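Just coords04.tsv here, TSV, C-alpha atoms:
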chain	number	residue	atom	x	y	z
T	1	MET	CA	23.49	-64.09	19.67
T	2	ASP	CA	20.62	-62.05	21.05
T	3	SER	CA	18.13	-64.52	22.56
T	4	LYS	CA	15.29	-62.56	21.00
T	5	ALA	CA	16.68	-63.33	17.55
T	6	MET	CA	16.97	-67.09	18.13
T	7	PRO	CA	14.53	-69.24	16.18
T	8	ALA	CA	11.61	-70.67	18.11
T	9	PRO	CA	11.83	-74.37	18.99
T	10	ALA	CA	10.25	-76.68	16.44
T	11	SER	CA	7.63	-77.83	18.94
T	12	THR	CA	6.23	-74.33	19.52
T	13	VAL	CA	2.53	-74.00	18.78
T	14	PRO	CA	1.47	-70.35	18.99
T	15	PHE	CA	-1.99	-69.54	20.26
T	16	PHE	CA	-2.62	-67.58	17.07
T	17	THR	CA	-0.80	-66.47	13.94
T	18	GLN	CA	-1.79	-64.92	10.62
T	19	ALA	CA	1.68	-65.06	9.08
T	20	GLU	CA	1.06	-67.98	6.74
T	21	SER	CA	-2.32	-66.76	5.52
T	22	PHE	CA	-1.04	-63.29	4.71
T	23	GLU	CA	2.00	-64.76	2.96
T	24	ARG	CA	-0.30	-66.89	0.81
T	25	LEU	CA	-2.61	-63.97	0.09
T	26	TRP	CA	0.13	-61.38	-0.40
T	27	PRO	CA	-0.22	-61.01	-4.21
T	28	ARG	CA	-3.90	-60.01	-3.85
T	29	LEU	CA	-3.25	-57.84	-0.79
T	30	SER	CA	-0.30	-56.14	-2.47
T	31	ALA	CA	-2.49	-55.20	-5.44
T	32	TYR	CA	-5.13	-53.75	-3.11
T	33	LEU	CA	-2.50	-51.75	-1.20
T	34	ASP	CA	-1.23	-50.32	-4.46
T	35	GLU	CA	-4.77	-49.17	-5.25
T	36	VAL	CA	-5.00	-47.48	-1.84
T	37	CYS	CA	-1.72	-45.63	-2.33
T	38	GLU	CA	-2.65	-44.58	-5.85
T	39	SER	CA	-6.03	-43.26	-4.70
T	40	GLY	CA	-4.49	-40.92	-2.15
T	41	THR	CA	-7.40	-41.64	0.24
T	42	TYR	CA	-6.39	-43.42	3.42
T	43	SER	CA	-9.58	-43.65	5.49
T	44	ASN	CA	-13.24	-44.23	4.68
T	45	GLY	CA	-12.48	-44.30	0.97
T	46	PRO	CA	-13.09	-46.62	-2.00
T	47	LYS	CA	-11.75	-49.78	-0.33
T	48	THR	CA	-13.87	-49.16	2.76
T	49	ALA	CA	-16.96	-48.73	0.56
T	50	GLU	CA	-16.04	-51.94	-1.28
T	51	LEU	CA	-15.71	-53.80	2.03
T	52	GLU	CA	-19.07	-52.47	3.26
T	53	ALA	CA	-20.72	-53.72	0.06
T	54	ALA	CA	-19.03	-57.11	0.39
T	55	LEU	CA	-20.18	-57.49	4.02
T	56	ARG	CA	-23.72	-56.47	3.09
T	57	ALA	CA	-23.71	-59.26	0.54
T	58	TYR	CA	-22.12	-61.78	2.92
T	59	THR	CA	-24.36	-61.11	5.92
T	60	GLY	CA	-27.55	-60.04	4.15
T	61	ALA	CA	-27.52	-56.72	6.02
T	62	ARG	CA	-29.24	-53.70	4.54
T	63	HIS	CA	-26.47	-51.56	6.06
T	64	ALA	CA	-22.86	-52.34	6.98
T	65	ILE	CA	-21.00	-49.33	8.38
T	66	ALA	CA	-17.23	-49.63	8.76
T	67	VAL	CA	-15.66	-48.07	11.86
T	68	GLY	CA	-12.32	-47.96	13.62
T	69	ASN	CA	-12.69	-50.98	15.92
T	70	GLY	CA	-15.20	-53.28	17.57
T	71	THR	CA	-15.48	-51.22	20.76
T	72	ASP	CA	-16.29	-48.08	18.79
T	73	ALA	CA	-18.88	-50.10	16.89
T	74	LEU	CA	-20.63	-50.93	20.18
T	75	VAL	CA	-20.47	-47.35	21.45
T	76	LEU	CA	-21.76	-45.91	18.18
T	77	LEU	CA	-24.56	-48.49	17.97
T	78	LEU	CA	-25.67	-47.68	21.51
T	79	ARG	CA	-25.57	-43.93	20.85
T	80	ALA	CA	-27.41	-44.28	17.56
T	81	ALA	CA	-30.10	-46.30	19.36
T	82	GLY	CA	-30.62	-43.46	21.82
T	83	ILE	CA	-29.03	-45.14	24.84
T	84	GLY	CA	-27.62	-42.60	27.29
T	85	PRO	CA	-27.52	-41.31	30.87
T	86	GLY	CA	-30.19	-42.76	33.13
T	87	ASP	CA	-30.70	-45.86	30.94
T	88	GLU	CA	-29.87	-49.44	31.89
T	89	VAL	CA	-28.63	-52.09	29.47
T	90	ILE	CA	-28.56	-55.76	30.46
T	91	VAL	CA	-25.35	-57.54	29.47
T	92	PRO	CA	-23.85	-60.94	30.36
T	93	ALA	CA	-21.43	-61.02	33.28
T	94	PHE	CA	-19.03	-63.25	31.31
T	95	SER	CA	-17.73	-61.49	28.21
T	96	PHE	CA	-14.96	-59.23	26.97
T	97	PHE	CA	-14.64	-55.95	28.86
T	98	ALA	CA	-16.05	-53.86	25.99
T	99	SER	CA	-19.48	-55.48	26.31
T	100	ALA	CA	-19.95	-53.51	29.53
T	101	SER	CA	-17.54	-50.59	29.10
T	102	SER	CA	-19.34	-49.51	25.91
T	103	VAL	CA	-22.54	-49.12	27.94
T	104	ALA	CA	-20.71	-47.05	30.56
T	105	LEU	CA	-19.06	-44.93	27.85
T	106	VAL	CA	-22.45	-43.67	26.64
T	107	GLY	CA	-23.40	-42.77	30.22
T	108	ALA	CA	-25.74	-45.72	30.78
T	109	VAL	CA	-25.51	-48.42	33.45
T	110	PRO	CA	-24.56	-52.03	32.62
T	111	VAL	CA	-26.82	-54.46	34.45
T	112	PHE	CA	-25.28	-57.90	34.64
T	113	ALA	CA	-26.97	-61.24	34.00
T	114	ASP	CA	-25.59	-64.71	34.58
T	115	VAL	CA	-24.77	-66.98	31.66
T	116	ASP	CA	-25.74	-70.42	30.42
T	117	PRO	CA	-23.01	-72.77	31.75
T	118	LEU	CA	-22.94	-74.76	28.49
T	119	THR	CA	-22.68	-71.95	25.93
T	120	TYR	CA	-21.44	-69.03	28.11
T	121	ASN	CA	-24.07	-66.85	26.41
T	122	ILE	CA	-26.55	-64.75	28.36
T	123	ASP	CA	-29.17	-66.82	30.22
T	124	PRO	CA	-32.61	-65.62	29.05
T	125	ALA	CA	-34.18	-67.00	32.23
T	126	ALA	CA	-32.20	-64.44	34.24
T	127	LEU	CA	-33.54	-61.42	32.36
T	128	GLU	CA	-37.02	-60.89	33.79
T	129	ALA	CA	-35.80	-60.25	37.34
T	130	LEU	CA	-33.33	-57.60	36.14
T	131	ILE	CA	-35.78	-55.38	34.26
T	132	THR	CA	-36.66	-52.03	35.85
T	133	PRO	CA	-38.41	-48.89	34.55
T	134	ARG	CA	-34.95	-47.66	33.47
T	135	THR	CA	-34.11	-50.72	31.38
T	136	LYS	CA	-33.78	-49.63	27.75
T	137	ALA	CA	-32.07	-52.56	26.04
T	138	VAL	CA	-30.70	-56.08	26.28
T	139	MET	CA	-27.32	-56.75	24.69
T	140	PRO	CA	-26.63	-60.48	24.28
T	141	VAL	CA	-23.13	-61.53	23.22
T	142	HIS	CA	-22.55	-64.35	20.73
T	143	LEU	CA	-19.56	-66.14	22.20
T	144	PHE	CA	-17.01	-68.67	21.01
T	145	CYS	CA	-18.92	-70.89	18.56
T	146	GLN	CA	-22.68	-70.26	18.61
T	147	PRO	CA	-25.30	-67.53	18.84
T	148	ALA	CA	-27.09	-66.70	22.06
T	149	ASP	CA	-30.62	-68.04	22.52
T	150	MET	CA	-32.10	-65.14	20.59
T	151	THR	CA	-35.61	-66.55	20.34
T	152	ALA	CA	-35.90	-66.48	24.12
T	153	VAL	CA	-34.13	-63.12	24.44
T	154	LEU	CA	-36.42	-61.52	21.85
T	155	ALA	CA	-39.49	-62.90	23.58
T	156	VAL	CA	-38.49	-61.25	26.88
T	157	ALA	CA	-37.61	-57.99	25.11
T	158	GLU	CA	-40.94	-57.89	23.27
T	159	ARG	CA	-42.90	-58.42	26.47
T	160	HIS	CA	-41.18	-55.43	28.07
T	161	GLY	CA	-40.72	-53.14	25.06
T	162	LEU	CA	-36.91	-53.36	25.09
T	163	LEU	CA	-34.41	-52.92	22.29
T	164	VAL	CA	-32.17	-55.88	21.46
T	165	LEU	CA	-28.69	-54.82	20.37
T	166	GLU	CA	-26.19	-57.59	19.65
T	167	ASP	CA	-22.54	-57.75	20.59
T	168	SER	CA	-21.74	-60.01	17.66
T	169	ALA	CA	-18.07	-59.05	17.62
T	170	GLU	CA	-17.10	-62.74	17.37
T	171	GLY	CA	-20.07	-63.63	15.20
T	172	ILE	CA	-18.93	-63.36	11.58
T	173	GLY	CA	-20.48	-66.31	9.73
T	174	MET	CA	-22.77	-67.36	12.62
T	175	ARG	CA	-26.43	-67.63	11.67
T	176	LEU	CA	-29.63	-68.54	13.47
T	177	ASN	CA	-32.60	-69.58	11.33
T	178	GLY	CA	-30.69	-68.18	8.35
T	179	ARG	CA	-30.26	-64.74	9.96
T	180	HIS	CA	-26.71	-63.56	10.46
T	181	THR	CA	-25.81	-62.53	13.99
T	182	GLY	CA	-26.10	-58.79	14.43
T	183	LEU	CA	-29.27	-58.74	12.34
T	184	ILE	CA	-31.57	-60.70	14.64
T	185	GLY	CA	-32.24	-57.71	16.89
T	186	ALA	CA	-32.22	-54.03	15.94
T	187	GLY	CA	-28.52	-54.10	15.06
T	188	GLY	CA	-25.17	-55.55	15.95
T	189	VAL	CA	-21.44	-55.25	15.48
T	190	LEU	CA	-18.45	-57.09	14.08
T	191	SER	CA	-14.89	-56.87	15.32
T	192	PHE	CA	-11.99	-57.45	12.95
T	193	PHE	CA	-9.28	-57.58	15.63
T	194	PRO	CA	-6.47	-59.74	14.20
T	195	THR	CA	-7.40	-62.88	16.16
T	196	LYS	CA	-11.01	-62.85	14.97
T	197	THR	CA	-12.31	-65.31	12.36
T	198	LEU	CA	-12.07	-62.45	9.85
T	199	GLY	CA	-9.09	-60.51	11.14
T	200	ALA	CA	-7.39	-57.33	9.96
T	201	LEU	CA	-3.77	-56.29	10.42
T	202	GLY	CA	-4.83	-54.10	13.31
T	203	ASP	CA	-8.05	-52.68	14.73
T	204	ALA	CA	-11.23	-52.39	12.67
T	205	GLY	CA	-14.96	-52.94	13.22
T	206	MET	CA	-18.39	-52.68	11.65
T	207	VAL	CA	-22.02	-52.01	12.58
T	208	LEU	CA	-24.71	-54.16	10.95
T	209	THR	CA	-28.38	-53.19	10.83
T	210	ASP	CA	-31.46	-53.29	8.64
T	211	ASP	CA	-32.77	-50.09	10.23
T	212	ASP	CA	-32.29	-47.03	7.99
T	213	ALA	CA	-32.47	-44.49	10.81
T	214	LEU	CA	-30.05	-46.41	13.01
T	215	ALA	CA	-27.61	-46.76	10.11
T	216	GLY	CA	-27.81	-43.05	9.27
T	217	ALA	CA	-27.03	-42.10	12.85
T	218	VAL	CA	-24.01	-44.44	12.98
T	219	GLN	CA	-22.72	-43.08	9.68
T	220	ARG	CA	-22.81	-39.54	11.04
T	221	LEU	CA	-21.47	-40.39	14.49
T	222	ARG	CA	-18.38	-42.16	13.10
T	223	ASP	CA	-17.34	-38.96	11.27
T	224	HIS	CA	-17.71	-36.12	13.78
T	225	GLY	CA	-21.49	-36.09	13.39
T	226	ARG	CA	-21.29	-34.96	9.78
T	227	PRO	CA	-23.45	-36.29	6.95
T	228	ALA	CA	-21.78	-38.54	4.41
T	229	LEU	CA	-19.78	-36.67	1.79
T	230	ALA	CA	-21.81	-36.60	-1.41
T	231	PRO	CA	-20.17	-38.10	-4.51
T	232	SER	CA	-18.20	-35.51	-6.42
T	233	SER	CA	-19.83	-34.06	-9.53
T	234	PRO	CA	-18.43	-31.98	-12.38
T	235	ALA	CA	-18.17	-28.27	-11.71
T	236	PRO	CA	-20.68	-26.03	-13.52
T	237	ALA	CA	-19.45	-24.57	-16.80
T	238	GLY	CA	-17.06	-21.72	-16.19
T	239	LYS	CA	-16.75	-22.47	-12.46
T	240	PRO	CA	-13.67	-23.91	-10.76
T	241	ALA	CA	-14.00	-27.37	-9.21
T	242	VAL	CA	-14.19	-27.48	-5.42
T	243	PRO	CA	-11.13	-29.35	-4.10
T	244	ALA	CA	-11.98	-32.57	-2.24
T	245	ALA	CA	-10.35	-31.28	0.93
T	246	ARG	CA	-12.55	-28.15	0.95
T	247	ALA	CA	-15.67	-30.25	0.32
T	248	GLU	CA	-14.65	-32.46	3.25
T	249	TYR	CA	-14.25	-29.61	5.71
T	250	ALA	CA	-17.30	-27.71	4.46
T	251	ARG	CA	-19.58	-30.36	5.96
T	252	GLN	CA	-21.15	-29.34	9.25
T	253	GLY	CA	-21.60	-31.56	12.26
T	254	GLU	CA	-25.27	-32.39	12.82
T	255	LEU	CA	-24.53	-33.93	16.23
T	256	ALA	CA	-21.46	-34.47	18.42
T	257	GLY	CA	-19.79	-37.47	16.87
T	258	THR	CA	-16.30	-38.90	16.99
T	259	ASN	CA	-13.56	-39.94	14.59
T	260	SER	CA	-13.93	-43.67	13.96
T	261	LYS	CA	-13.53	-44.09	10.24
T	262	MET	CA	-11.94	-47.32	9.01
T	263	ASP	CA	-8.42	-47.13	7.58
T	264	GLU	CA	-8.24	-48.02	3.90
T	265	LEU	CA	-5.28	-50.31	4.62
T	266	GLN	CA	-7.39	-52.37	7.02
T	267	ALA	CA	-10.24	-52.48	4.51
T	268	ALA	CA	-7.78	-53.81	1.92
T	269	ALA	CA	-6.57	-56.50	4.32
T	270	LEU	CA	-10.14	-57.52	5.16
T	271	LEU	CA	-11.20	-57.67	1.52
T	272	THR	CA	-8.26	-59.99	0.95
T	273	LYS	CA	-9.10	-62.24	3.90
T	274	LEU	CA	-12.79	-62.27	2.98
T	275	THR	CA	-11.95	-64.32	-0.13
T	276	THR	CA	-11.03	-67.29	2.09
T	277	LEU	CA	-13.48	-66.74	4.96
T	278	ASP	CA	-15.81	-69.65	4.24
T	279	ASP	CA	-12.85	-72.00	3.71
T	280	ASP	CA	-11.38	-70.75	6.99
T	281	ILE	CA	-14.66	-71.40	8.82
T	282	ARG	CA	-14.79	-74.95	7.45
T	283	ARG	CA	-11.17	-75.55	8.47
T	284	ARG	CA	-11.90	-74.31	12.00
T	285	ALA	CA	-14.78	-76.81	12.21
T	286	VAL	CA	-12.47	-79.65	11.16
T	287	LEU	CA	-9.92	-78.65	13.80
T	288	ALA	CA	-12.59	-78.30	16.50
T	289	ASP	CA	-13.87	-81.79	15.70
T	290	ALA	CA	-10.31	-83.17	15.88
T	291	TYR	CA	-9.78	-81.52	19.27
T	292	THR	CA	-13.03	-82.97	20.61
T	293	ARG	CA	-12.17	-86.49	19.45
T	294	ARG	CA	-8.66	-86.31	20.94
T	295	LEU	CA	-9.62	-84.69	24.25
T	296	ARG	CA	-12.88	-86.51	25.01
T	297	GLY	CA	-12.57	-88.73	28.06
T	298	ILE	CA	-9.43	-87.19	29.52
T	299	PRO	CA	-9.95	-87.07	33.29
T	300	GLY	CA	-9.79	-83.51	34.56
T	301	VAL	CA	-11.15	-81.90	31.39
T	302	ARG	CA	-14.59	-80.82	32.57
T	303	GLY	CA	-16.18	-79.51	29.41
T	304	LEU	CA	-15.67	-79.48	25.66
T	305	PRO	CA	-17.43	-77.13	23.21
T	306	ALA	CA	-20.78	-78.33	21.90
T	307	VAL	CA	-23.46	-76.62	19.86
T	308	VAL	CA	-26.66	-76.68	21.91
T	309	GLU	CA	-29.71	-78.01	20.09
T	310	ARG	CA	-32.67	-75.64	20.46
T	311	GLY	CA	-34.85	-76.81	17.59
T	312	GLU	CA	-33.59	-74.00	15.34
T	313	PRO	CA	-31.08	-74.30	12.49
T	314	VAL	CA	-27.73	-72.87	13.61
T	315	ASP	CA	-24.57	-72.18	11.63
T	316	PRO	CA	-21.83	-72.36	14.27
T	317	VAL	CA	-18.38	-70.84	13.81
T	318	PHE	CA	-15.48	-71.98	15.99
T	319	TYR	CA	-13.77	-68.69	16.72
T	320	VAL	CA	-12.29	-70.18	19.91
T	321	TYR	CA	-11.90	-73.74	21.16
T	322	LEU	CA	-12.56	-73.51	24.88
T	323	ILE	CA	-12.17	-76.22	27.51
T	324	GLU	CA	-12.87	-76.21	31.24
T	325	THR	CA	-10.75	-77.61	34.05
T	326	ASP	CA	-10.53	-77.01	37.78
T	327	ARG	CA	-6.73	-76.83	37.34
T	328	ARG	CA	-6.77	-74.17	34.66
T	329	ASP	CA	-3.78	-72.08	35.77
T	330	ALA	CA	-1.55	-75.10	36.31
T	331	LEU	CA	-2.52	-76.46	32.88
T	332	VAL	CA	-1.67	-73.10	31.28
T	333	SER	CA	1.79	-73.21	32.89
T	334	HIS	CA	2.31	-76.80	31.76
T	335	LEU	CA	1.39	-75.97	28.16
T	336	ALA	CA	3.57	-72.85	28.16
T	337	ALA	CA	6.55	-74.94	29.28
T	338	ALA	CA	5.85	-77.20	26.29
T	339	GLY	CA	5.90	-74.21	23.92
T	340	ILE	CA	2.12	-74.12	23.48
T	341	GLY	CA	0.24	-70.83	23.61
T	342	THR	CA	-3.14	-70.43	25.29
T	343	GLU	CA	-5.53	-67.58	26.12
T	344	THR	CA	-7.77	-67.15	29.14
T	345	TYR	CA	-11.32	-66.07	28.27
T	346	TYR	CA	-12.06	-64.26	30.63
T	347	PRO	CA	-10.05	-64.22	33.87
T	348	LEU	CA	-12.32	-61.78	35.73
T	349	PRO	CA	-16.09	-61.60	35.21
T	350	LEU	CA	-17.45	-58.17	34.39
T	351	HIS	CA	-19.35	-57.62	37.63
T	352	LEU	CA	-16.07	-57.97	39.58
T	353	GLN	CA	-14.06	-55.55	37.43
T	354	PRO	CA	-12.72	-52.71	39.64
T	355	CYS	CA	-14.34	-49.98	37.52
T	356	PHE	CA	-17.78	-51.48	38.26
T	357	ALA	CA	-17.26	-51.80	42.01
T	358	HIS	CA	-19.72	-48.94	42.55
T	359	LEU	CA	-22.51	-51.22	41.32
T	360	GLY	CA	-22.13	-53.21	44.52
T	361	HIS	CA	-21.63	-56.73	43.22
T	362	GLN	CA	-19.64	-59.38	45.04
T	363	GLU	CA	-18.41	-62.91	44.49
T	364	GLY	CA	-21.26	-65.37	44.34
T	365	ASP	CA	-23.70	-63.04	42.58
T	366	PHE	CA	-23.34	-64.77	39.20
T	367	PRO	CA	-22.05	-68.30	39.87
T	368	HIS	CA	-21.96	-69.58	36.28
T	369	ALA	CA	-20.00	-66.54	35.05
T	370	GLU	CA	-17.58	-66.87	37.98
T	371	ALA	CA	-17.08	-70.61	37.43
T	372	ALA	CA	-16.30	-69.98	33.76
T	373	SER	CA	-13.77	-67.28	34.61
T	374	HIS	CA	-11.94	-69.70	36.94
T	375	ARG	CA	-12.02	-72.79	34.72
T	376	THR	CA	-11.93	-71.88	31.03
T	377	VAL	CA	-8.90	-71.78	28.76
T	378	ALA	CA	-8.69	-71.51	24.97
T	379	LEU	CA	-6.38	-73.77	22.98
T	380	PRO	CA	-4.70	-72.79	19.68
T	381	LEU	CA	-7.23	-72.58	16.85
T	382	TYR	CA	-6.69	-70.92	13.47
T	383	PRO	CA	-6.88	-72.17	9.87
T	384	GLU	CA	-3.12	-72.65	9.50
T	385	LEU	CA	-2.90	-74.91	12.57
T	386	THR	CA	-1.81	-78.36	11.36
T	387	LEU	CA	-3.21	-81.62	12.66
T	388	ALA	CA	0.30	-82.49	13.82
T	389	GLN	CA	0.43	-79.32	15.92
T	390	LEU	CA	-3.05	-80.03	17.23
T	391	GLY	CA	-1.86	-83.50	18.19
T	392	ARG	CA	1.01	-82.02	20.19
T	393	VAL	CA	-1.43	-79.79	22.05
T	394	CYS	CA	-3.69	-82.75	22.88
T	395	ASP	CA	-0.74	-84.89	23.94
T	396	ALA	CA	0.43	-82.12	26.27
T	397	VAL	CA	-3.05	-81.76	27.79
T	398	ARG	CA	-3.28	-85.52	28.32
T	399	SER	CA	0.19	-85.71	29.84
T	400	PHE	CA	-0.73	-82.99	32.34
T	401	PHE	CA	-3.74	-84.92	33.63
T	402	THR	CA	-2.52	-88.51	33.26
T	403	GLY	CA	1.26	-88.39	32.99
T	404	SER	CA	1.01	-90.09	29.60
T	405	THR	CA	0.43	-88.93	26.02
T	406	SER	CA	-1.53	-92.03	25.07
Would you put the structure from the file into structure tokens?
Amino acid sequence: MDSKAMPAPASTVPFFTQAESFERLWPRLSAYLDEVCESGTYSNGPKTAELEAALRAYTGARHAIAVGNGTDALVLLLRAAGIGPGDEVIVPAFSFFASASSVALVGAVPVFADVDPLTYNIDPAALEALITPRTKAVMPVHLFCQPADMTAVLAVAERHGLLVLEDSAEGIGMRLNGRHTGLIGAGGVLSFFPTKTLGALGDAGMVLTDDDALAGAVQRLRDHGRPALAPSSPAPAGKPAVPAARAEYARQGELAGTNSKMDELQAAALLTKLTTLDDDIRRRAVLADAYTRRLRGIPGVRGLPAVVERGEPVDPVFYVYLIETDRRDALVSHLAAAGIGTETYYPLPLHLQPCFAHLGHQEGDFPHAEAASHRTVALPLYPELTLAQLGRVCDAVRSFFTGSTS
């Protein structure tokens, strides 16, 4: 028998899977997919519009603009905000690559800031020293389970006349003082990559904003710079109707945009998953609490996730359950041998990425970001994870550090 076809051992705990949730939700998803196929529109169509309306309602955003993926959402948001060559945008040194590459892709320069060692979010105290006459914006990232310290970030930005644009790719469901992430500054983004709290079957993203002008620019930029296609209307008496395809191509580009419309199939998948999002967020919180209770006190585990109290009401969302250890790579190997998947967030801080070598940074420049990149590892966390599976993960972690599962 081909080894690839052999069933996985019963003890395997994948880092992430959506199989069970999509199997449970298949009747609803199947009906949505039928609607897509019957409509004959496969991108930026009725299901996309329905998803945008649903996300406006869920987040409280005035505008929710669906795009092809989270990275495109960042690039389009930056372009719509007027960020371009000669500008500088301050970003955290510890984040996913797109937080900085999106800035470079619009011709601007990412300026790195160190992070808070407890939350891994941008450290507001580091911002003042980084601001120059070329600084145009600050782009905090809301990582792992809680928003960045936006009150402090906004205070710095206001003093210096800077835009605040949020990389809230992980932030679905996170709120600060009742405001959904992505709507605390001028605008933000969501990513619907499959592993996200609200995940598609592939790539998809969204821009959130309350700013009409910013939203209008994003809407044009995602579709080759063209204005939105007006709703079809009956043809005048005695005149032939204009075919939809001709109406589509008759639109003229108002600026040089790109093609980043959301696929209708992804919109259908997201509408389906949206029906269980709040239940999924609650389940993630239960699992995170169970991890913390089981892992607390294990020697060698340096840090466990905790929501930092800042005197503001916060709605956390456990997208990732991250722990720290000085023996991270050895622990990853130990867990892999036990059939347990993990993910390293993020193995190389942004200022040390080869493509940013020209900025002249070196090891030691951002010590908290570098420590996080050497020590952090994410354990399996998704709504379908059972407490028995979670127990196996915790037993394996304990056995690595103590030689015992109890």
- re atom CA of T:Gly182 and atom CA of T:Asn259: distance 22.6 Å
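Using all atoms listed in the file, the nearest neighbour of T:Gly205 within the list T:Ala49, T:Leu74, T:Met174, T:Ala336 is T:Leu74.
For the choices T:Gly297, T:Gly341, T:Gly173, T:Gly107, the atom-to-atom distance to T:Leu198 is smallest for T:Gly173 when using only C-alpha atoms.
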Mind running stretch 242-338 of chain T against stretch 374-387 of chain T at 12 Å and telling me each contacting residue's nearest atom pair with the distance in Å (one decimal), counting only C-alpha atoms, chain and number ascending, as JSON lines?
{"residue": "T:Lys273", "atom": "CA", "partner": "T:Pro383", "partner_atom": "CA", "distance": 11.8}
{"residue": "T:Thr276", "atom": "CA", "partner": "T:Pro383", "partner_atom": "CA", "distance": 10.1}
{"residue": "T:Leu277", "atom": "CA", "partner": "T:Pro383", "partner_atom": "CA", "distance": 9.9}
{"residue": "T:Asp278", "atom": "CA", "partner": "T:Pro383", "partner_atom": "CA", "distance": 10.9}
{"residue": "T:Asp279", "atom": "CA", "partner": "T:Pro383", "partner_atom": "CA", "distance": 8.6}
{"residue": "T:Asp280", "atom": "CA", "partner": "T:Pro383", "partner_atom": "CA", "distance": 5.5}
{"residue": "T:Ile281", "atom": "CA", "partner": "T:Pro383", "partner_atom": "CA", "distance": 7.9}
{"residue": "T:Arg282", "atom": "CA", "partner": "T:Pro383", "partner_atom": "CA", "distance": 8.7}
{"residue": "T:Arg283", "atom": "CA", "partner": "T:Pro383", "partner_atom": "CA", "distance": 5.6}
{"residue": "T:Arg284", "atom": "CA", "partner": "T:Pro383", "partner_atom": "CA", "distance": 5.9}
{"residue": "T:Ala285", "atom": "CA", "partner": "T:Pro383", "partner_atom": "CA", "distance": 9.5}
{"residue": "T:Val286", "atom": "CA", "partner": "T:Pro383", "partner_atom": "CA", "distance": 9.4}
{"residue": "T:Leu287", "atom": "CA", "partner": "T:Leu381", "partner_atom": "CA", "distance": 7.3}
{"residue": "T:Ala288", "atom": "CA", "partner": "T:Leu381", "partner_atom": "CA", "distance": 7.8}
{"residue": "T:Asp289", "atom": "CA", "partner": "T:Leu387", "partner_atom": "CA", "distance": 11.1}
{"residue": "T:Ala290", "atom": "CA", "partner": "T:Leu387", "partner_atom": "CA", "distance": 7.9}
{"residue": "T:Tyr291", "atom": "CA", "partner": "T:Leu379", "partner_atom": "CA", "distance": 9.2}
{"residue": "T:Thr292", "atom": "CA", "partner": "T:Leu379", "partner_atom": "CA", "distance": 11.6}
{"residue": "T:Arg294", "atom": "CA", "partner": "T:Leu387", "partner_atom": "CA", "distance": 11.0}
{"residue": "T:Leu295", "atom": "CA", "partner": "T:Leu379", "partner_atom": "CA", "distance": 11.5}
{"residue": "T:Gly300", "atom": "CA", "partner": "T:Arg375", "partner_atom": "CA", "distance": 11.0}
{"residue": "T:Val301", "atom": "CA", "partner": "T:Arg375", "partner_atom": "CA", "distance": 9.7}
{"residue": "T:Arg302", "atom": "CA", "partner": "T:Arg375", "partner_atom": "CA", "distance": 8.7}
{"residue": "T:Gly303", "atom": "CA", "partner": "T:Thr376", "partner_atom": "CA", "distance": 8.9}
{"residue": "T:Leu304", "atom": "CA", "partner": "T:Thr376", "partner_atom": "CA", "distance": 10.0}
{"residue": "T:Pro305", "atom": "CA", "partner": "T:Ala378", "partner_atom": "CA", "distance": 10.5}
{"residue": "T:Val317", "atom": "CA", "partner": "T:Leu381", "partner_atom": "CA", "distance": 11.7}
{"residue": "T:Phe318", "atom": "CA", "partner": "T:Leu381", "partner_atom": "CA", "distance": 8.3}
{"residue": "T:Tyr319", "atom": "CA", "partner": "T:Leu381", "partner_atom": "CA", "distance": 7.6}
{"residue": "T:Val320", "atom": "CA", "partner": "T:Ala378", "partner_atom": "CA", "distance": 6.4}
{"residue": "T:Tyr321", "atom": "CA", "partner": "T:Ala378", "partner_atom": "CA", "distance": 5.5}
{"residue": "T:Leu322", "atom": "CA", "partner": "T:Ala378", "partner_atom": "CA", "distance": 4.4}
{"residue": "T:Ile323", "atom": "CA", "partner": "T:Thr376", "partner_atom": "CA", "distance": 5.6}
{"residue": "T:Glu324", "atom": "CA", "partner": "T:Thr376", "partner_atom": "CA", "distance": 4.4}
{"residue": "T:Thr325", "atom": "CA", "partner": "T:Arg375", "partner_atom": "CA", "distance": 5.0}
{"residue": "T:Asp326", "atom": "CA", "partner": "T:Arg375", "partner_atom": "CA", "distance": 5.4}
{"residue": "T:Arg327", "atom": "CA", "partner": "T:Arg375", "partner_atom": "CA", "distance": 7.2}
{"residue": "T:Arg328", "atom": "CA", "partner": "T:Arg375", "partner_atom": "CA", "distance": 5.4}
{"residue": "T:Asp329", "atom": "CA", "partner": "T:Arg375", "partner_atom": "CA", "distance": 8.3}
{"residue": "T:Ala330", "atom": "CA", "partner": "T:Arg375", "partner_atom": "CA", "distance": 10.8}
{"residue": "T:Leu331", "atom": "CA", "partner": "T:Val377", "partner_atom": "CA", "distance": 8.9}
{"residue": "T:Val332", "atom": "CA", "partner": "T:Val377", "partner_atom": "CA", "distance": 7.8}
{"residue": "T:Ser333", "atom": "CA", "partner": "T:Val377", "partner_atom": "CA", "distance": 11.5}
{"residue": "T:Leu335", "atom": "CA", "partner": "T:Leu379", "partner_atom": "CA", "distance": 9.6}
{"residue": "T:Ala336", "atom": "CA", "partner": "T:Leu379", "partner_atom": "CA", "distance": 11.3}
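Minimum distance to T:His351 across T:Gln18, T:Ser39, T:Thr135, T:Ser95 (counting all atoms listed in the file) occurs at T:Ser95.
Using all atoms listed in the file, the smallest distance between any of T:His334, T:Thr258, T:Ala213, T:Asp149 and T:Ala125 comes from T:Asp149.
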May I have a table of the residues of stretch 157-241 of chain T lying at most 9 Å from stretch 142-148 of chain T, giving each one's closest pair of atoms and their distance in Å to one decimal, counting all atoms listed in the file, ordered by chain and ascending residue number, as a Markdown table?
| residue | atom | partner | partner_atom | distance |
| --- | --- | --- | --- | --- |
| T:Glu166 | CA | T:His142 | CA | 7.8 |
| T:Asp167 | CA | T:His142 | CA | 6.6 |
| T:Ser168 | CA | T:His142 | CA | 5.4 |
| T:Ala169 | CA | T:His142 | CA | 7.6 |
| T:Glu170 | CA | T:Leu143 | CA | 6.4 |
| T:Gly171 | CA | T:His142 | CA | 6.1 |
| T:Met174 | CA | T:Gln146 | CA | 6.7 |
| T:Arg175 | CA | T:Pro147 | CA | 7.3 |
| T:Leu176 | CA | T:Pro147 | CA | 7.0 |
| T:Thr181 | CA | T:Pro147 | CA | 7.0 |
